[in-house]
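J.: For reference, the file start37.csv (CSV, C-alpha atoms) is included below:
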```csv
chain,number,residue,atom,x,y,z
A,1,MET,CA,-45.5,28.9,50.7
A,2,LYS,CA,-44.0,31.0,47.9
A,3,HIS,CA,-41.7,28.0,46.9
A,4,VAL,CA,-44.4,25.4,46.8
A,5,GLY,CA,-45.2,25.8,43.1
A,6,GLU,CA,-41.5,25.7,42.3
A,7,ASN,CA,-40.9,22.6,44.4
A,8,VAL,CA,-43.8,20.8,42.7
A,9,VAL,CA,-42.3,21.3,39.3
A,10,ARG,CA,-38.8,20.4,40.5
A,11,ILE,CA,-40.0,17.1,42.0
A,12,GLU,CA,-41.9,16.2,38.9
A,13,ALA,CA,-38.9,17.1,36.7
A,14,GLU,CA,-36.7,14.9,38.9
A,15,ALA,CA,-39.2,12.0,38.4
A,16,LEU,CA,-39.0,12.5,34.6
A,17,HIS,CA,-35.2,12.5,34.7
A,18,ALA,CA,-35.2,9.2,36.6
A,19,LEU,CA,-37.7,7.8,34.1
A,20,ALA,CA,-35.4,8.8,31.2
A,21,ASP,CA,-32.5,7.1,32.9
A,22,ARG,CA,-34.5,3.9,33.2
A,23,ILE,CA,-35.6,4.0,29.6
A,24,GLY,CA,-32.0,4.4,28.5
A,25,GLY,CA,-30.7,1.9,31.0
A,26,PRO,CA,-32.3,-0.9,33.0
A,27,MET,CA,-35.7,-0.6,31.4
A,28,ALA,CA,-34.5,-0.3,27.8
A,29,ALA,CA,-35.2,-4.0,26.8
A,30,ALA,CA,-38.7,-3.9,28.3
A,31,PHE,CA,-39.5,-0.6,26.6
A,32,GLN,CA,-38.3,-1.9,23.3
A,33,GLN,CA,-40.3,-5.1,23.8
A,34,ALA,CA,-43.5,-3.0,24.5
A,35,VAL,CA,-42.9,-0.9,21.3
A,36,ASP,CA,-42.4,-4.1,19.2
A,37,MET,CA,-45.5,-5.6,20.7
A,38,MET,CA,-47.6,-2.6,19.9
A,39,PHE,CA,-46.1,-2.2,16.4
A,40,ALA,CA,-47.0,-5.8,15.6
A,41,CYS,CA,-50.5,-5.4,16.9
A,42,ALA,CA,-53.0,-6.4,14.2
A,43,GLY,CA,-55.9,-4.8,16.1
A,44,ARG,CA,-55.9,-1.9,18.5
A,45,VAL,CA,-54.0,-0.9,21.5
A,46,VAL,CA,-56.6,-1.0,24.3
A,47,VAL,CA,-55.5,1.4,27.1
A,48,THR,CA,-57.2,1.1,30.5
A,49,GLY,CA,-56.8,2.7,33.9
A,50,MET,CA,-58.9,3.7,36.9
A,51,GLY,CA,-59.2,7.1,38.6
A,52,LYS,CA,-56.3,9.5,37.8
A,53,SER,CA,-54.6,6.7,35.9
A,54,GLY,CA,-57.7,6.4,33.8
A,55,LEU,CA,-57.4,10.1,32.8
A,56,ILE,CA,-53.8,9.6,31.8
A,57,ALA,CA,-54.9,6.4,29.9
A,58,ARG,CA,-57.4,8.4,27.9
A,59,LYS,CA,-54.7,10.9,26.9
A,60,ILE,CA,-52.3,8.1,25.9
A,61,ALA,CA,-55.0,6.4,23.8
A,62,ALA,CA,-55.7,9.7,22.1
A,63,THR,CA,-52.0,10.3,21.4
A,64,LEU,CA,-51.5,6.8,20.0
A,65,SER,CA,-54.4,7.2,17.7
A,66,SER,CA,-53.3,10.7,16.4
A,67,THR,CA,-49.8,9.4,15.6
A,68,GLY,CA,-50.7,6.4,13.6
A,69,THR,CA,-51.4,3.6,16.1
A,70,PRO,CA,-55.1,2.7,16.4
A,71,ALA,CA,-56.1,2.8,20.1
A,72,LEU,CA,-59.0,3.2,22.3
A,73,TYR,CA,-59.7,3.8,26.0
A,74,LEU,CA,-61.5,1.1,28.0
A,75,HIS,CA,-63.0,2.1,31.4
A,76,PRO,CA,-62.4,-0.9,33.6
A,77,VAL,CA,-65.7,-0.7,35.4
A,78,GLU,CA,-67.7,-0.4,32.2
A,79,ALA,CA,-65.6,-3.3,30.9
A,80,LEU,CA,-66.9,-5.5,33.7
A,81,HIS,CA,-70.4,-4.6,32.7
A,82,GLY,CA,-70.3,-5.5,29.0
A,83,ASP,CA,-67.6,-3.3,27.4
A,84,LEU,CA,-65.1,-6.2,27.5
A,85,GLY,CA,-66.5,-7.1,24.2
A,86,MET,CA,-64.3,-4.2,22.8
A,87,VAL,CA,-61.3,-6.4,23.5
A,88,VAL,CA,-60.7,-9.0,20.8
A,89,ARG,CA,-57.9,-11.4,19.9
A,90,GLY,CA,-55.3,-9.4,18.0
A,91,ASP,CA,-55.4,-6.4,20.3
A,92,VAL,CA,-52.8,-5.4,22.9
A,93,VAL,CA,-53.8,-4.1,26.3
A,94,LEU,CA,-51.9,-1.4,28.0
A,95,ALA,CA,-53.0,-1.2,31.7
A,96,LEU,CA,-52.1,1.7,34.0
A,97,SER,CA,-52.1,1.3,37.8
A,98,ALA,CA,-49.8,3.2,40.2
A,99,SER,CA,-50.1,0.5,42.8
A,100,GLY,CA,-50.4,-2.5,40.4
A,101,GLU,CA,-53.2,-3.7,42.7
A,102,THR,CA,-56.2,-1.8,41.4
A,103,GLU,CA,-59.1,-4.2,41.8
A,104,GLU,CA,-61.0,-3.1,38.8
A,105,ILE,CA,-58.0,-3.7,36.6
A,106,LEU,CA,-57.1,-7.0,38.1
A,107,SER,CA,-60.7,-8.2,37.5
A,108,LEU,CA,-60.0,-7.9,33.7
A,109,LEU,CA,-56.9,-10.2,33.8
A,110,ALA,CA,-58.9,-13.5,33.4
A,111,THR,CA,-60.6,-12.3,30.2
A,112,ILE,CA,-57.3,-10.9,28.9
A,113,LYS,CA,-55.5,-14.2,29.5
A,114,ARG,CA,-58.5,-16.2,28.0
A,115,LEU,CA,-58.3,-14.1,24.8
A,116,ARG,CA,-54.6,-14.5,24.7
A,117,VAL,CA,-54.2,-10.8,24.4
A,118,PRO,CA,-50.7,-9.5,25.2
A,119,LEU,CA,-50.7,-7.3,28.3
A,120,ILE,CA,-48.3,-4.4,28.9
A,121,ALA,CA,-48.4,-3.0,32.5
A,122,MET,CA,-47.4,0.5,33.4
A,123,THR,CA,-47.1,0.5,37.2
A,124,GLY,CA,-45.0,2.1,39.9
A,125,ASP,CA,-45.3,-0.3,42.8
A,126,ASN,CA,-42.6,-2.8,42.0
A,127,VAL,CA,-40.7,-2.8,45.2
A,128,ALA,CA,-41.8,-3.8,48.7
A,129,ARG,CA,-40.1,-2.8,52.0
A,130,VAL,CA,-40.1,-5.4,54.7
A,131,PRO,CA,-38.7,-5.4,58.3
A,132,SER,CA,-35.5,-7.3,59.1
A,133,PRO,CA,-35.7,-10.0,61.7
A,134,ALA,CA,-33.9,-7.7,64.2
A,135,THR,CA,-36.8,-5.2,64.2
A,136,VAL,CA,-39.7,-7.6,64.5
A,137,GLY,CA,-41.4,-7.1,67.9
A,138,SER,CA,-39.2,-4.1,68.7
A,139,GLY,CA,-42.2,-1.9,68.9
A,140,THR,CA,-41.1,0.4,66.1
A,141,PRO,CA,-43.2,-0.2,63.0
A,142,PRO,CA,-41.3,-0.3,59.7
A,143,ARG,CA,-41.4,2.7,57.5
A,144,GLY,CA,-43.7,1.0,55.0
A,145,ALA,CA,-46.2,0.1,57.7
A,146,GLN,CA,-46.3,3.7,59.0
A,147,LYS,CA,-47.7,4.8,55.6
A,148,SER,CA,-49.6,1.7,54.6
A,149,ALA,CA,-53.0,3.3,55.2
A,150,ALA,CA,-52.1,6.2,52.8
A,151,LYS,CA,-50.2,4.0,50.3
A,152,SER,CA,-48.0,6.9,49.7
A,153,SER,CA,-45.4,7.4,47.0
A,154,ALA,CA,-42.7,6.5,49.6
A,155,ASP,CA,-43.9,2.9,49.1
A,156,ARG,CA,-43.7,3.2,45.4
A,157,VAL,CA,-40.2,4.3,44.6
A,158,GLU,CA,-37.7,2.6,42.3
A,159,PRO,CA,-35.4,0.0,43.9
A,160,LYS,CA,-32.2,2.1,43.7
A,161,ALA,CA,-33.9,5.0,45.5
A,162,LYS,CA,-35.2,2.8,48.3
A,163,ALA,CA,-32.0,0.9,48.7
A,164,ASN,CA,-30.2,4.2,49.3
A,165,SER,CA,-32.8,5.6,51.7
A,166,LYS,CA,-33.5,2.5,53.8
A,167,SER,CA,-33.0,2.8,57.5
A,168,ALA,CA,-31.1,0.4,59.8
A,169,GLY,CA,-33.3,-2.6,60.5
A,170,GLU,CA,-35.0,-2.5,57.1
A,171,ARG,CA,-34.1,-4.4,54.0
A,172,VAL,CA,-35.5,-4.0,50.4
A,173,ARG,CA,-37.0,-7.0,48.6
A,174,SER,CA,-38.1,-6.7,44.9
A,175,THR,CA,-41.6,-8.0,44.7
A,176,TYR,CA,-43.6,-7.2,41.6
A,177,SER,CA,-47.3,-6.2,42.0
A,178,THR,CA,-50.0,-8.5,40.8
A,179,LEU,CA,-50.5,-6.5,37.6
A,180,ALA,CA,-46.8,-6.4,36.8
A,181,SER,CA,-46.5,-10.1,37.5
A,182,ALA,CA,-49.4,-11.0,35.2
A,183,ALA,CA,-48.1,-8.7,32.4
A,184,ASP,CA,-46.1,-9.9,29.4
A,185,VAL,CA,-44.1,-6.6,29.7
A,186,ALA,CA,-43.9,-4.5,32.9
A,187,LEU,CA,-42.8,-0.9,32.5
A,188,ASP,CA,-41.6,0.8,35.7
A,189,CYS,CA,-43.2,4.2,36.5
A,190,SER,CA,-41.9,4.3,40.1
A,191,ILE,CA,-41.1,7.7,41.6
A,192,ALA,CA,-39.1,8.9,44.7
A,193,GLU,CA,-42.0,11.0,45.9
A,194,GLU,CA,-45.2,12.7,44.9
A,195,ALA,CA,-45.1,16.4,44.5
A,196,CYS,CA,-48.1,16.7,46.9
A,197,SER,CA,-46.8,17.8,50.4
A,198,LEU,CA,-48.9,15.0,51.9
A,199,GLY,CA,-47.5,12.4,49.6
A,200,LEU,CA,-51.0,11.4,48.6
A,201,ALA,CA,-52.3,13.2,45.5
A,202,PRO,CA,-51.2,11.7,42.3
A,203,THR,CA,-48.8,14.3,40.8
A,204,ALA,CA,-45.3,13.1,39.9
A,205,SER,CA,-46.7,9.6,39.4
A,206,THR,CA,-49.3,10.7,36.8
A,207,THR,CA,-46.8,13.0,35.1
A,208,THR,CA,-44.4,10.0,34.8
A,209,MET,CA,-47.1,7.8,33.3
A,210,LEU,CA,-48.1,10.5,30.8
A,211,ALA,CA,-44.4,10.9,29.7
A,212,LEU,CA,-43.9,7.2,29.4
A,213,GLY,CA,-47.1,7.0,27.2
A,214,ASP,CA,-45.8,9.8,25.0
A,215,ALA,CA,-42.4,8.0,24.7
A,216,LEU,CA,-44.2,4.9,23.5
A,217,ALA,CA,-46.4,6.8,21.1
A,218,VAL,CA,-43.6,8.8,19.5
A,219,THR,CA,-41.3,5.8,19.2
A,220,LEU,CA,-44.0,3.9,17.5
A,221,SER,CA,-44.7,6.8,15.2
A,222,GLU,CA,-41.0,6.9,14.2
A,223,LYS,CA,-40.9,3.2,13.7
A,224,ARG,CA,-44.0,3.4,11.4
A,225,GLY,CA,-42.4,6.1,9.4
A,226,PHE,CA,-45.3,8.4,10.3
A,227,LYS,CA,-45.0,11.6,8.1
A,228,GLU,CA,-46.4,15.1,8.2
A,229,GLU,CA,-49.0,14.2,5.6
A,230,ASP,CA,-50.1,11.3,7.7
A,231,PHE,CA,-50.6,13.6,10.6
A,232,ALA,CA,-52.5,16.0,8.4
A,233,ASN,CA,-54.9,13.3,7.3
A,234,LEU,CA,-55.7,12.5,10.9
A,235,HIS,CA,-56.3,16.1,11.9
A,236,PRO,CA,-58.7,17.6,9.5
A,237,GLY,CA,-60.4,19.9,12.0
A,238,GLY,CA,-59.2,22.6,14.3
A,239,LYS,CA,-56.2,24.9,14.0
A,240,LEU,CA,-53.8,22.0,13.2
A,241,GLY,CA,-56.1,20.7,10.5
A,242,LYS,CA,-56.3,24.2,8.9
A,243,ARG,CA,-52.6,24.7,9.0
A,244,LEU,CA,-52.1,21.3,7.4
A,245,ALA,CA,-54.8,21.7,4.8
A,246,ARG,CA,-54.0,20.5,1.3
A,247,VAL,CA,-54.2,22.6,-1.8
A,248,GLU,CA,-56.9,20.3,-3.3
A,249,SER,CA,-59.2,21.2,-0.4
A,250,LEU,CA,-58.9,25.0,-1.1
A,251,MET,CA,-58.5,25.3,-4.9
A,252,HIS,CA,-61.2,26.5,-7.3
A,253,SER,CA,-62.1,23.9,-9.9
A,254,GLY,CA,-64.8,23.0,-12.4
A,255,ASP,CA,-67.1,25.9,-13.3
A,256,THR,CA,-65.4,28.2,-10.8
A,257,LEU,CA,-62.1,27.9,-12.5
A,258,PRO,CA,-61.4,30.9,-14.9
A,259,ARG,CA,-60.1,29.5,-18.2
A,260,VAL,CA,-59.9,30.6,-21.9
A,261,GLY,CA,-58.3,29.3,-25.0
A,262,PRO,CA,-55.3,30.8,-26.7
A,263,GLN,CA,-57.4,32.2,-29.5
A,264,ALA,CA,-59.9,34.0,-27.2
A,265,LYS,CA,-60.0,37.8,-27.8
A,266,MET,CA,-59.3,40.2,-24.9
A,267,PRO,CA,-62.9,41.2,-24.4
A,268,ASP,CA,-63.7,37.5,-23.7
A,269,VAL,CA,-60.7,37.3,-21.5
A,270,ILE,CA,-61.8,40.3,-19.4
A,271,TYR,CA,-65.3,38.9,-19.2
A,272,GLU,CA,-64.1,35.6,-17.9
A,273,MET,CA,-61.8,37.3,-15.3
A,274,SER,CA,-64.7,39.5,-14.1
A,275,ARG,CA,-67.2,36.6,-14.0
A,276,LYS,CA,-64.9,34.3,-11.9
A,277,LYS,CA,-63.7,37.2,-9.7
A,278,LEU,CA,-60.2,35.9,-9.1
A,279,GLY,CA,-58.3,38.6,-10.9
A,280,VAL,CA,-56.7,36.0,-13.2
A,281,THR,CA,-57.5,33.4,-15.8
A,282,ALA,CA,-55.7,30.4,-17.1
A,283,VAL,CA,-55.0,29.9,-20.8
A,284,VAL,CA,-55.6,26.3,-21.7
A,285,GLU,CA,-54.9,24.3,-24.8
A,286,ASP,CA,-55.9,20.6,-25.0
A,287,GLU,CA,-56.6,20.7,-21.3
A,288,LYS,CA,-53.0,21.7,-20.6
A,289,LEU,CA,-51.9,25.0,-19.0
A,290,VAL,CA,-50.0,27.1,-21.5
A,291,GLY,CA,-50.1,30.5,-19.7
A,292,ILE,CA,-52.0,32.9,-17.5
A,293,ILE,CA,-53.3,36.4,-17.8
A,294,SER,CA,-53.7,38.5,-14.6
A,295,ASP,CA,-55.3,41.9,-14.0
A,296,GLY,CA,-51.8,43.2,-13.5
A,297,ASP,CA,-50.9,41.9,-17.0
A,298,LEU,CA,-53.9,43.8,-18.4
A,299,ARG,CA,-52.9,47.1,-16.7
A,300,ARG,CA,-49.3,46.9,-18.0
A,301,LEU,CA,-50.6,46.1,-21.6
A,302,LEU,CA,-52.9,49.1,-21.5
A,303,GLU,CA,-50.1,51.4,-20.4
A,304,LYS,CA,-48.0,50.1,-23.2
A,305,ARG,CA,-50.4,49.6,-26.1
A,306,GLY,CA,-53.6,51.5,-25.1
A,307,LYS,CA,-56.9,50.4,-26.7
A,308,ASP,CA,-55.0,48.2,-29.2
A,309,VAL,CA,-54.9,45.6,-26.4
A,310,LEU,CA,-58.5,44.6,-27.2
A,311,ASP,CA,-57.3,43.3,-30.6
A,312,LEU,CA,-54.9,40.9,-29.0
A,313,SER,CA,-55.6,37.2,-28.4
A,314,ALA,CA,-55.1,35.4,-25.1
A,315,GLY,CA,-52.1,33.6,-26.5
A,316,GLU,CA,-50.5,36.9,-27.4
A,317,ALA,CA,-51.1,38.6,-24.1
A,318,MET,CA,-50.5,35.7,-21.7
A,319,THR,CA,-47.5,35.1,-19.4
A,320,ARG,CA,-46.0,31.7,-20.4
A,321,ASN,CA,-44.6,29.1,-17.9
A,322,PRO,CA,-46.5,30.4,-14.9
A,323,ARG,CA,-45.9,29.2,-11.4
A,324,THR,CA,-47.8,26.1,-10.6
A,325,ILE,CA,-48.3,23.7,-7.7
A,326,ALA,CA,-49.6,20.1,-7.2
A,327,ARG,CA,-53.0,19.4,-5.6
A,328,GLU,CA,-51.4,17.2,-2.9
A,329,GLU,CA,-49.1,20.0,-1.6
A,330,PHE,CA,-49.8,21.7,1.7
A,331,ALA,CA,-51.4,25.1,1.8
A,332,ALA,CA,-48.4,26.4,3.7
A,333,THR,CA,-46.2,25.4,0.7
A,334,ALA,CA,-48.5,27.4,-1.6
A,335,LEU,CA,-48.3,30.4,0.7
A,336,ALA,CA,-44.5,30.3,0.8
A,337,LEU,CA,-44.4,30.2,-3.0
A,338,MET,CA,-46.7,33.1,-3.3
A,339,GLU,CA,-44.7,35.2,-0.9
A,340,GLU,CA,-41.4,34.3,-2.6
A,341,LYS,CA,-42.7,35.2,-6.1
A,342,LYS,CA,-44.9,38.1,-4.9
A,343,ILE,CA,-48.0,36.7,-6.6
A,344,THR,CA,-51.6,36.2,-5.4
A,345,SER,CA,-52.5,32.9,-7.1
A,346,LEU,CA,-51.1,29.6,-8.3
A,347,MET,CA,-52.4,27.3,-11.0
A,348,VAL,CA,-52.8,23.7,-9.9
A,349,VAL,CA,-51.7,21.1,-12.4
A,350,ASP,CA,-51.0,17.4,-12.5
A,351,ARG,CA,-47.8,15.7,-13.5
A,352,ASP,CA,-48.7,16.0,-17.2
A,353,GLY,CA,-49.4,19.7,-17.0
A,354,LYS,CA,-53.1,19.3,-17.1
A,355,LEU,CA,-55.0,22.1,-15.4
A,356,GLU,CA,-56.9,21.0,-12.3
A,357,GLY,CA,-57.6,24.2,-10.4
A,358,ILE,CA,-56.4,27.5,-9.0
A,359,VAL,CA,-55.6,28.5,-5.4
A,360,HIS,CA,-55.8,32.2,-4.5
A,361,LEU,CA,-54.3,34.0,-1.6
A,362,HIS,CA,-57.8,34.8,-0.3
A,363,ASP,CA,-58.4,31.0,0.0
A,364,LEU,CA,-55.6,30.7,2.5
A,365,TRP,CA,-57.2,33.1,4.9
A,366,SER,CA,-59.4,30.4,6.3
A,367,THR,CA,-56.3,28.3,7.2
A,368,GLU,CA,-55.1,31.0,9.6
A,369,LEU,CA,-51.8,31.0,7.7
A,370,VAL,CA,-52.4,34.5,6.5
```
Just give me the structure as structure tokens.
T.:
Amino acid sequence: MKHVGENVVRIEAEALHALADRIGGPMAAAFQQAVDMMFACAGRVVVTGMGKSGLIARKIAATLSSTGTPALYLHPVEALHGDLGMVVRGDVVLALSASGETEEILSLLATIKRLRVPLIAMTGDNVARVPSPATVGSGTPPRGAQKSAAKSSADRVEPKAKANSKSAGERVRSTYSTLASAADVALDCSIAEEACSLGLAPTASTTTMLALGDALAVTLSEKRGFKEEDFANLHPGGKLGKRLARVESLMHSGDTLPRVGPQAKMPDVIYEMSRKKLGVTAVVEDEKLVGIISDGDLRRLLEKRGKDVLDLSAGEAMTRNPRTIAREEFAATALALMEEKKITSLMVVDRDGKLEGIVHLHDLWSTELV
């Protein structure tokens, strides 16, 4: 029993290795055709599946949507009771079925064909084992018949694996399932065996389906040129969204932005800094940033000049050419710049140097970067 967990993972890993070999070999053309079909889709990728395959279908639809390919999950039973209206011409249907004979999925085929919606099948039952003439009537049932009631994974392995394991008196014949035969593209998710000791519970088969869905989604993402900023736009909430937050969503602007003119006297500068409570103020002339004054600058000036500091203007006391950042940059970029320069705030300017806001180190705490 102590090796059961290890064996489960090894069996599923072997199934994934076999899938990778197929994608890079005999299934390469079909995989690319599926990617091209989904890439050219003018509507949405409608992913459907029943039971455990349905759970995997939900994850695939979610992964596609979050990586730039509009997708939705369609429950096949709900589809038969009105939800088929979600499928329209211009969509692409991705149907998952381990056996390729799931009745609820097959019931959708007529409508899919009537709408002329391209169909991609993801199934593992592409090979059938039949007895040779010599064994008919011998009293020994063929291996496939012995497990037909359970419909185990032994009846759903890839052609090469079955050809190697067939016993004397058996022959292998490639026969595509109903779903695979009806599809425009059939993707092979066959496995040598389930990780379940009974060979019944969907384990290696669902892992393989999930990996194949991820492979399609990531390939599509690369083909679309999906970038980090695109990912950030689709993930505004949760930890990912916080880590990918933009400077513009965190910066202080408008009335909360501390700013003075170059001619402002130091008492006015100190009042502005105290009122806005950011420990710094921008010095602005004609809407453009010309410098900053921080509380650190004030302390150093007091140590050097004493009370005469109050006679200075903002233009005389400011630090010129301060560090700035654009509003569309990531919060992580702002943090990295602050750490590099050992500063606590950055002025946000546009391409022409016009002041738009200020982002403070404290504002980054909410992003969980600090």
J.: Determine, counting all atoms listed in the file, every residue of protein, DNA or RNA that lies within 7 Å of (-54.9, 24.2, -11.1) in the file coordinates, then give the result as a compact mmCIF listing (two decimals) with C-alpha atoms, in the frame of the given file.
T.:
```txt
# COMPACT_ATOMS: atom_id res chain seq x y z
CA MET A 347 -52.40 27.30 -11.00
CA VAL A 348 -52.80 23.70 -9.90
CA VAL A 349 -51.70 21.10 -12.40
CA LEU A 355 -55.00 22.10 -15.40
CA GLU A 356 -56.90 21.00 -12.30
CA GLY A 357 -57.60 24.20 -10.40
CA ILE A 358 -56.40 27.50 -9.00
```
J.: Could you list, as a VMD selection string, every residue within 10 Å of A:Phe39, counting all atoms listed in the file and ignoring same-chain residues fewer than 3 positions away?
T.: chain A and resid 33 to 36 42 45 69 92 219 to 221 223 to 224
J.: Given the choices A:His360, A:Arg246, A:Arg323, A:Arg300, which gets closest to A:Pro258 if the distance is worked out from only C-alpha atoms?
T.: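 The shortest atom-to-atom distance to A:Pro258 comes from A:His360.
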J.: Can you tell me, as a ChimeraX atom specification, what residues are no more than 12 Å from A:Val4 when counting all atoms listed in the file, ignoring any on the same chain fewer than 4 positions away?
T.: /A:8-11,195-197
J.: Any idea what the distance is between atom CA of A:Ala282 and atom CA of A:Ser294?
T.: 8.7 Å
J.: Could you please determine the separation between atom CA of A:Arg22 and atom CA of A:Thr208 in Å, to one decimal place?
T.: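 That distance, rounded to one decimal, is 11.7 Å.
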J.: Need to verify the contact set: A:Lys307, 12 Å, only C-alpha atoms, exclusion of same-chain residues closer than 5 positions in sequence. Can you return it as a ChimeraX atom specification?
T.: /A:266-267,298-299,301-302,312
J.: Just to confirm, what's the straight-line distance from atom CA of A:Tyr271 to atom CA of A:Leu289 in Å (one decimal)?
T.: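 Going from atom CA of A:Tyr271 over to atom CA of A:Leu289, I get 19.3 Å.
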J.: Using only C-alpha atoms, can you tell me which of A:Thr256, A:Ser65, A:Thr48, A:Thr207 comes closest to A:Glu78?
T.: A:Thr48
J.: Between A:Arg351, A:Arg58, A:Arg327, A:Arg89, which has the minimum distance to A:Pro76 (counting only C-alpha atoms)?
T.: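 Of the candidates, the smallest distance to A:Pro76 is held by A:Arg58.
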J.: Counting all atoms listed in the file, which of A:Gly261, A:Val185, A:His75, A:Asp308 gets nearest to A:Glu287?
T.: A:Gly261
J.: Compare A:Lys354, A:Ser107, A:Val269, A:Met338 by their minimum atom-to-atom distance to A:Val309, counting all atoms listed in the file, and give me the closest one.
T.: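 Ranked by minimum distance to A:Val309, first place goes to A:Val269.
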J.: Counting only C-alpha atoms, what is within 10 Å of A:Val88, bar same-chain residues fewer than 4 positions away, as a PyMOL selection string?
T.: chain A and resi 43-44+46+84+92+111-112+115-117
J.: For the selection just defined, write its residues with C-alpha atoms to a file, as a PDB file, in the coordinates of the input.
T.:
```
ATOM      1  CA  GLY A  43     -55.900  -4.800  16.100  1.00  0.00           C
ATOM      2  CA  ARG A  44     -55.900  -1.900  18.500  1.00  0.00           C
ATOM      3  CA  VAL A  46     -56.600  -1.000  24.300  1.00  0.00           C
ATOM      4  CA  LEU A  84     -65.100  -6.200  27.500  1.00  0.00           C
ATOM      5  CA  VAL A  92     -52.800  -5.400  22.900  1.00  0.00           C
ATOM      6  CA  THR A 111     -60.600 -12.300  30.200  1.00  0.00           C
ATOM      7  CA  ILE A 112     -57.300 -10.900  28.900  1.00  0.00           C
ATOM      8  CA  LEU A 115     -58.300 -14.100  24.800  1.00  0.00           C
ATOM      9  CA  ARG A 116     -54.600 -14.500  24.700  1.00  0.00           C
ATOM     10  CA  VAL A 117     -54.200 -10.800  24.400  1.00  0.00           C
TER      11      VAL A 117
END
```
